[in-house]
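Working notes for the structure below.
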Amino acid sequence: MRIACAGGGPAGLYLAVLAKLRSGGRDEVVVYERNEAGTTHGFAVTFGEDMLDDAFRNDPDGGAALRRASRLWNAQEIRVADHKPVHVGGKYGYAIARVDLLDVLARRAEQLGVRIEYGATVDRGDLDADLVVACDGVGSRIRTARAEHFGTTVEEGANPYVWLGADSDSDTFVWDFQPTDAGWMWIHLYPSSNGISTCIVECEPDTWEALGLDRMSGAEAVRLVESVFHRTLAGTRLIEPLGGLGDKPWLRFREVRNRTWRDSDLVLAGDAAHTTHFGIGSGTVLAMQDSMGLADALYGVAGESAAADLTCPNGRGAALSAYDARRRAQIGPIQDAARRNMHWFEQAGRQLEQVTDPVDFAWSLTDRRGDMGKLHRTLHKATQVPALRQVRRGLTTARRVRRSALRGRPS
């Protein structure tokens, strides 16, 4: 096959890697990326053990490179005003600067013979291929041109937010909720592989307008955020994204859904197919899992099923239809949970005004998707006891080391 990936993000690059591996190098794969090499938006992305297991299972060498380039974070705290921090037990994960992730994936793809064309903005008509994978982001040009066919819907969230970096090297993942004269504001701060943490700032629309953030320049907004969260930032400098914040630094989340992800020999993947609110931190993982699902449909799951007959259009069509149906069914419940998460943040101010026990508020945040049980709540309260917290952290570390050993690689 000749495969063209429109978009050189995690979905496009990882699909290219898997196509080369699964086809034994026979298929021709080209990735078209509109940015120049080494440039990207955003700061860091996070993932967990399941993603790492998937990466090792699909490509052990690539999985090992991903783990080496990533950083472990092993503590999480929730801070409310001047209350004592609430500890979230049993939580850990991995973080990697987005630019480092793309470098790892691009190096692996090129090592396997994938051609990557940087600085290339393409439309469907530009691509002569047996299979076109549109993974060109939330504002996908290819999807937008066929929005009626795909049944695209885009729903905008209420809360304004902005992505910043922080010159911080902490291993702790922090949520910090602070009052202002106009209402509550919060940050979502987590470490990265390159020493530059990600700092997502969010508040409700009324607070945003009352603080004048809708009229401030990016630099003024940064200074205000630094003053509100001075205790948590502790002198840490906030960093604007590459290219600066511009005249309109504040965004609103856009939830993208599609009735179908397939149009003949074209399929959608990653943010072009679906988005999930950043509060659940799953965008990159889901994009790479889309690539795994598409590779499984095309080439078969190793040791489990036979590959489709890719030498004829009907065989490819059946594989693409299977990918479309299976992956959309898997993504639907995740998007539903992410929407519940988004709505929780849109009403966070009401809860914060009534906080008497920050441990209870922290539990509400932890269970914002509604997927926790009574045992989890009991463990949450027990984690606030220092001795029990240390025991739980030890058990978590043992579990992490065991999973690493099962992969046959250092933790």
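Following the order of the structure tokens, chains are lettered A, B, ..., residues in each are numbered from 1, and ligands are numbered from 1.
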Near Ala97 of chain A, within 10 Å and counting only C-alpha atoms, which residues show up once chain neighbours fewer than 2 positions away are dropped, as a CSV table (one decimal) with all heavy atoms, in the first residue's frame?
chain,number,residue,atom,x,y,z
A,42,GLY,N,2.1,23.7,22.4
A,42,GLY,CA,1.9,23.0,23.7
A,42,GLY,C,3.2,22.7,24.4
A,42,GLY,O,4.3,23.0,23.9
A,43,PHE,N,3.1,22.2,25.6
A,43,PHE,CA,4.3,22.0,26.4
A,43,PHE,C,4.5,20.5,26.6
A,43,PHE,O,5.3,19.9,26.0
A,43,PHE,CB,4.2,22.7,27.8
A,43,PHE,CG,4.4,24.2,27.6
A,43,PHE,CD1,3.2,25.0,27.4
A,43,PHE,CD2,5.6,24.8,27.5
A,43,PHE,CE1,3.4,26.4,27.2
A,43,PHE,CE2,5.8,26.2,27.4
A,43,PHE,CZ,4.6,27.0,27.2
A,44,ALA,N,3.8,19.8,27.6
A,44,ALA,CA,4.0,18.4,27.9
A,44,ALA,C,2.7,17.6,27.8
A,44,ALA,O,1.6,18.2,27.9
A,44,ALA,CB,4.6,18.3,29.3
A,45,VAL,N,2.9,16.3,27.6
A,45,VAL,CA,1.7,15.4,27.6
A,45,VAL,C,2.0,14.3,28.7
A,45,VAL,O,3.2,14.1,29.0
A,45,VAL,CB,1.5,14.8,26.2
A,45,VAL,CG1,1.2,15.9,25.2
A,45,VAL,CG2,2.7,14.0,25.8
A,46,THR,N,1.0,13.7,29.2
A,46,THR,CA,1.1,12.7,30.2
A,46,THR,C,0.5,11.4,29.7
A,46,THR,O,-0.4,11.4,28.8
A,46,THR,CB,0.4,13.1,31.5
A,46,THR,OG1,-1.0,13.3,31.2
A,46,THR,CG2,1.0,14.4,32.0
A,69,ALA,N,12.8,8.7,27.3
A,69,ALA,CA,12.7,10.2,27.1
A,69,ALA,C,11.7,10.8,28.1
A,69,ALA,O,11.5,12.0,28.1
A,69,ALA,CB,12.3,10.4,25.7
A,70,SER,N,11.0,10.0,28.8
A,70,SER,CA,9.9,10.4,29.7
A,70,SER,C,10.4,10.6,31.1
A,70,SER,O,11.4,10.1,31.6
A,70,SER,CB,8.7,9.5,29.6
A,70,SER,OG,8.3,9.3,28.3
A,71,ARG,N,9.5,11.3,31.9
A,71,ARG,CA,9.8,11.5,33.3
A,71,ARG,C,8.7,11.0,34.2
A,71,ARG,O,7.5,11.1,33.8
A,71,ARG,CB,10.0,13.0,33.6
A,71,ARG,CG,10.2,13.4,35.0
A,71,ARG,CD,10.4,14.9,35.2
A,71,ARG,NE,10.7,15.2,36.6
A,71,ARG,CZ,11.3,16.3,37.0
A,71,ARG,NH1,11.6,17.2,36.1
A,71,ARG,NH2,11.5,16.5,38.3
A,95,ALA,N,5.5,11.8,32.1
A,95,ALA,CA,5.3,13.0,31.3
A,95,ALA,C,6.4,13.2,30.4
A,95,ALA,O,7.6,12.8,30.7
A,95,ALA,CB,5.2,14.2,32.3
A,99,VAL,N,7.5,18.2,22.2
A,99,VAL,CA,8.5,18.3,21.2
A,99,VAL,C,9.4,17.0,21.3
A,99,VAL,O,9.9,16.5,20.3
A,99,VAL,CB,9.3,19.6,21.3
A,99,VAL,CG1,10.2,19.6,22.6
A,99,VAL,CG2,10.2,19.8,20.1
A,100,ASP,N,9.7,16.5,22.5
A,100,ASP,CA,10.5,15.3,22.7
A,100,ASP,C,9.7,14.1,22.2
A,100,ASP,O,10.3,13.2,21.6
A,100,ASP,CB,10.9,15.2,24.2
A,100,ASP,CG,11.9,16.2,24.7
A,100,ASP,OD1,12.5,16.9,23.8
A,100,ASP,OD2,12.0,16.4,25.9
A,101,LEU,N,8.4,14.0,22.5
A,101,LEU,CA,7.6,12.9,22.0
A,101,LEU,C,7.7,12.8,20.5
A,101,LEU,O,7.9,11.7,20.0
A,101,LEU,CB,6.2,13.0,22.5
A,101,LEU,CG,5.2,12.1,21.9
A,101,LEU,CD1,5.5,10.6,22.3
A,101,LEU,CD2,3.8,12.4,22.4
A,102,LEU,N,7.5,14.0,19.9
A,102,LEU,CA,7.5,14.0,18.4
A,102,LEU,C,8.8,13.6,17.9
A,102,LEU,O,8.9,12.9,16.8
A,102,LEU,CB,7.0,15.3,17.9
A,102,LEU,CG,5.6,15.7,18.2
A,102,LEU,CD1,5.2,17.1,17.6
A,102,LEU,CD2,4.6,14.7,17.8
A,103,ASP,N,9.9,14.0,18.6
A,103,ASP,CA,11.2,13.6,18.1
A,103,ASP,C,11.5,12.1,18.2
A,103,ASP,O,12.0,11.5,17.3
A,103,ASP,CB,12.3,14.4,19.0
A,103,ASP,CG,13.7,14.1,18.5
A,103,ASP,OD1,14.0,14.4,17.4
A,103,ASP,OD2,14.4,13.5,19.3
A,191,PRO,N,4.8,18.2,35.8
A,191,PRO,CA,6.2,18.2,35.3
A,191,PRO,C,6.3,17.7,33.9
A,191,PRO,O,5.4,17.1,33.3
A,191,PRO,CB,6.9,17.3,36.3
A,191,PRO,CG,5.9,16.4,36.8
A,191,PRO,CD,4.6,17.1,36.8
A,192,SER,N,7.5,17.8,33.4
A,192,SER,CA,7.8,17.3,32.0
A,192,SER,C,9.2,16.8,32.0
A,192,SER,O,10.0,16.9,33.0
A,192,SER,CB,7.7,18.5,31.0
A,192,SER,OG,7.9,18.0,29.7
A,193,SER,N,9.6,16.3,30.8
A,193,SER,CA,10.9,15.6,30.7
A,193,SER,C,12.0,16.6,30.5
A,193,SER,O,13.2,16.3,30.7
A,193,SER,CB,10.8,14.7,29.4
A,193,SER,OG,10.4,15.5,28.3
A,194,ASN,N,11.7,17.9,30.1
A,194,ASN,CA,12.7,18.9,29.8
A,194,ASN,C,12.8,20.0,30.9
A,194,ASN,O,13.5,21.0,30.7
A,194,ASN,CB,12.5,19.5,28.5
A,194,ASN,CG,11.1,20.2,28.4
A,194,ASN,OD1,10.4,20.2,29.4
A,194,ASN,ND2,10.8,20.9,27.3
A,195,GLY,N,12.3,19.7,32.1
A,195,GLY,CA,12.4,20.7,33.2
A,195,GLY,C,11.4,21.9,33.1
A,195,GLY,O,11.4,22.7,33.9
A,196,ILE,N,10.6,21.9,32.0
A,196,ILE,CA,9.6,22.9,31.9
A,196,ILE,C,8.2,22.3,32.1
A,196,ILE,O,7.7,21.5,31.3
A,196,ILE,CB,9.6,23.6,30.5
A,196,ILE,CG1,11.0,24.1,30.2
A,196,ILE,CG2,8.5,24.7,30.4
A,196,ILE,CD1,11.4,25.3,31.1
A,197,SER,N,7.6,22.6,33.3
A,197,SER,CA,6.3,22.1,33.6
A,197,SER,C,5.2,22.7,32.7
A,197,SER,O,5.4,23.8,32.2
A,197,SER,CB,6.0,22.3,35.1
A,197,SER,OG,6.9,21.6,35.9
A,198,THR,N,4.1,22.0,32.6
A,198,THR,CA,2.9,22.6,32.0
A,198,THR,C,2.0,23.2,33.0
A,198,THR,O,1.8,22.6,34.1
A,198,THR,CB,2.1,21.5,31.2
A,198,THR,OG1,2.9,21.0,30.1
A,198,THR,CG2,0.8,22.0,30.7
Pick out the residues sitting within 9 Å of Thr152 of chain A, and hand them over as a PDB file with C-alpha atoms, in the first residue's frame; count only C-alpha atoms, and ignore anything fewer than 3 positions along from it in its own chain.
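Contents of the output file selection04.pdb:
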ATOM      1  CA  ARG A 143     -12.373  16.828   7.782  1.00  0.00           C
ATOM      2  CA  THR A 144     -13.862  20.309   7.518  1.00  0.00           C
ATOM      3  CA  ARG A 146     -16.226  16.920   4.149  1.00  0.00           C
ATOM      4  CA  ALA A 147     -17.942  17.840   7.418  1.00  0.00           C
ATOM      5  CA  GLU A 148     -21.393  16.911   6.151  1.00  0.00           C
ATOM      6  CA  HIS A 149     -20.258  13.425   5.176  1.00  0.00           C
ATOM      7  CA  VAL A 256     -15.255  17.265  18.261  1.00  0.00           C
ATOM      8  CA  ARG A 257     -17.405  14.254  17.413  1.00  0.00           C
ATOM      9  CA  ASN A 258     -18.086  12.577  14.086  1.00  0.00           C
ATOM     10  CA  ARG A 259     -20.872  10.267  12.984  1.00  0.00           C
ATOM     11  CA  THR A 260     -18.359   8.304  10.885  1.00  0.00           C
ATOM     12  CA  ALA A 273     -11.743  12.395  14.768  1.00  0.00           C
TER      13      ALA A 273
END
Between segment 287-352 of chain A and segment 366-389 of chain A, at 8 Å or less, what are the per-residue closest atom pairs and their distances in Å? Count only C-alpha atoms, order by chain and rising residue number, and return it as a tab-separated table.
residue	atom	partner	partner_atom	distance
A:Ala337	CA	A:Arg369	CA	5.3
A:Ala338	CA	A:Arg369	CA	6.9
A:Arg340	CA	A:Arg369	CA	5.5
A:Asn341	CA	A:Arg369	CA	5.2
A:Trp344	CA	A:Arg368	CA	6.2
Produce a file of the selected residues containing all heavy atoms, as a JSON list (two decimals), in the first residue's frame.
[["chain", "number", "residue", "atom", "x", "y", "z"],
["A", 337, "ALA", "N", -17.33, 10.59, 29.49],
["A", 337, "ALA", "CA", -16.68, 10.82, 30.79],
["A", 337, "ALA", "C", -15.94, 12.15, 30.78],
["A", 337, "ALA", "O", -15.94, 12.90, 31.77],
["A", 337, "ALA", "CB", -15.72, 9.68, 31.11],
["A", 338, "ALA", "N", -15.29, 12.46, 29.66],
["A", 338, "ALA", "CA", -14.56, 13.73, 29.56],
["A", 338, "ALA", "C", -15.51, 14.91, 29.61],
["A", 338, "ALA", "O", -15.18, 15.97, 30.16],
["A", 338, "ALA", "CB", -13.75, 13.76, 28.27],
["A", 340, "ARG", "N", -18.37, 14.95, 31.31],
["A", 340, "ARG", "CA", -18.73, 15.10, 32.73],
["A", 340, "ARG", "C", -17.63, 15.85, 33.48],
["A", 340, "ARG", "O", -17.89, 16.69, 34.34],
["A", 340, "ARG", "CB", -18.98, 13.72, 33.37],
["A", 340, "ARG", "CG", -20.22, 13.02, 32.86],
["A", 340, "ARG", "CD", -20.60, 11.83, 33.73],
["A", 340, "ARG", "NE", -19.60, 10.77, 33.74],
["A", 340, "ARG", "CZ", -19.56, 9.79, 32.85],
["A", 340, "ARG", "NH1", -20.43, 9.73, 31.85],
["A", 340, "ARG", "NH2", -18.63, 8.84, 32.93],
["A", 341, "ASN", "N", -16.39, 15.51, 33.16],
["A", 341, "ASN", "CA", -15.25, 16.21, 33.74],
["A", 341, "ASN", "C", -15.30, 17.71, 33.41],
["A", 341, "ASN", "O", -15.10, 18.56, 34.27],
["A", 341, "ASN", "CB", -13.97, 15.55, 33.20],
["A", 341, "ASN", "CG", -12.78, 16.47, 33.16],
["A", 341, "ASN", "OD1", -12.02, 16.56, 34.11],
["A", 341, "ASN", "ND2", -12.59, 17.15, 32.03],
["A", 344, "TRP", "N", -17.93, 19.49, 35.38],
["A", 344, "TRP", "CA", -17.54, 19.66, 36.78],
["A", 344, "TRP", "C", -16.77, 20.96, 36.94],
["A", 344, "TRP", "O", -17.02, 21.75, 37.86],
["A", 344, "TRP", "CB", -16.70, 18.47, 37.24],
["A", 344, "TRP", "CG", -16.38, 18.48, 38.70],
["A", 344, "TRP", "CD1", -17.06, 17.85, 39.70],
["A", 344, "TRP", "CD2", -15.30, 19.20, 39.35],
["A", 344, "TRP", "NE1", -16.49, 18.12, 40.92],
["A", 344, "TRP", "CE2", -15.41, 18.94, 40.75],
["A", 344, "TRP", "CE3", -14.29, 20.01, 38.89],
["A", 344, "TRP", "CZ2", -14.52, 19.48, 41.67],
["A", 344, "TRP", "CZ3", -13.40, 20.55, 39.81],
["A", 344, "TRP", "CH2", -13.51, 20.29, 41.19]]
**OP:** Give me the residues within 9 Å of segment 117-120 of chain A as JSON, numbers by chain, counting only C-alpha atoms and dropping any in the same chain fewer than 6 places off.
**Re:** {"A": [8, 30, 31, 32, 33, 34, 35, 36, 37]}
Take the residues just selected and output them with N, CA and C atoms as a PDB file, in the first residue's frame.
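Contents of result-v7.pdb, as written:
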ATOM      1  N   GLY A   8       1.668  15.379  11.259  1.00  0.00           N
ATOM      2  CA  GLY A   8       2.807  14.693  11.864  1.00  0.00           C
ATOM      3  C   GLY A   8       2.794  14.758  13.368  1.00  0.00           C
ATOM      4  N   VAL A  30       4.214   8.076   3.827  1.00  0.00           N
ATOM      5  CA  VAL A  30       4.681   9.460   3.837  1.00  0.00           C
ATOM      6  C   VAL A  30       3.846  10.234   4.848  1.00  0.00           C
ATOM      7  N   VAL A  31       4.513  11.018   5.689  1.00  0.00           N
ATOM      8  CA  VAL A  31       3.852  11.870   6.667  1.00  0.00           C
ATOM      9  C   VAL A  31       4.065  13.321   6.255  1.00  0.00           C
ATOM     10  N   TYR A  32       2.958  14.078   6.182  1.00  0.00           N
ATOM     11  CA  TYR A  32       3.020  15.493   5.820  1.00  0.00           C
ATOM     12  C   TYR A  32       2.702  16.324   7.060  1.00  0.00           C
ATOM     13  N   GLU A  33       3.646  17.152   7.476  1.00  0.00           N
ATOM     14  CA  GLU A  33       3.490  17.958   8.686  1.00  0.00           C
ATOM     15  C   GLU A  33       3.638  19.438   8.349  1.00  0.00           C
ATOM     16  N   ARG A  34       2.650  20.250   8.777  1.00  0.00           N
ATOM     17  CA  ARG A  34       2.678  21.669   8.402  1.00  0.00           C
ATOM     18  C   ARG A  34       3.760  22.462   9.133  1.00  0.00           C
ATOM     19  N   ASN A  35       4.142  22.028  10.338  1.00  0.00           N
ATOM     20  CA  ASN A  35       5.204  22.718  11.073  1.00  0.00           C
ATOM     21  C   ASN A  35       6.579  22.282  10.565  1.00  0.00           C
ATOM     22  N   GLU A  36       7.573  23.083  10.877  1.00  0.00           N
ATOM     23  CA  GLU A  36       8.934  22.694  10.583  1.00  0.00           C
ATOM     24  C   GLU A  36       9.406  21.682  11.637  1.00  0.00           C
ATOM     25  N   ALA A  37      10.416  20.930  11.312  1.00  0.00           N
ATOM     26  CA  ALA A  37      10.948  19.932  12.256  1.00  0.00           C
ATOM     27  C   ALA A  37      11.372  20.609  13.553  1.00  0.00           C
TER      28      ALA A  37
END
**OP:** Based on DSSP run over this structure's backbone, return all residues of segment 303-403 of chain A in alpha helix (DSSP H), as JSON, numbers by chain.
**Re:** {"A": [313, 314, 315, 316, 317, 318, 319, 320, 321, 322, 323, 324, 325, 326, 327, 328, 329, 330, 331, 332, 333, 334, 335, 336, 337, 338, 339, 340, 341, 342, 343, 344, 345, 346, 348, 349, 350, 351, 352, 353, 358, 359, 360, 361, 362, 363, 364, 365, 366, 374, 375, 376, 377, 378, 379, 380, 381, 382, 386, 387, 388, 389, 390, 391, 392, 393, 394, 395, 396, 397, 398, 399, 400, 401, 402, 403]}
Subject >> For Gly63 of chain A: contacts at 7 Å, only C-alpha atoms, fewer than 5 positions along chain excluded, given as number ranges by chain >> reply: A: 52, 55-56
Subject >> Counting only C-alpha atoms, the option among A:Glu353, A:Arg399, A:Phe361, A:Glu28 closest to Val132 of chain A >> reply: A:Glu28
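Residues lying within 12 Å of His230 of chain A, counting only C-alpha atoms and ignoring same-chain neighbours fewer than 6 positions away, are Ala81, Asp82, Asp176, Phe177, Gln178, Ile187, Val222, Arg223, Leu224, Thr236, Arg237 and Leu238 of chain A.
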**OP:** Output as a ChimeraX atom specification all residues of segment 178-302 of chain A that backbone DSSP marks as strand (DSSP E or B).
**Re:** /A:178-180,183-190,197-203,238-239,251-257,262-263,266-268
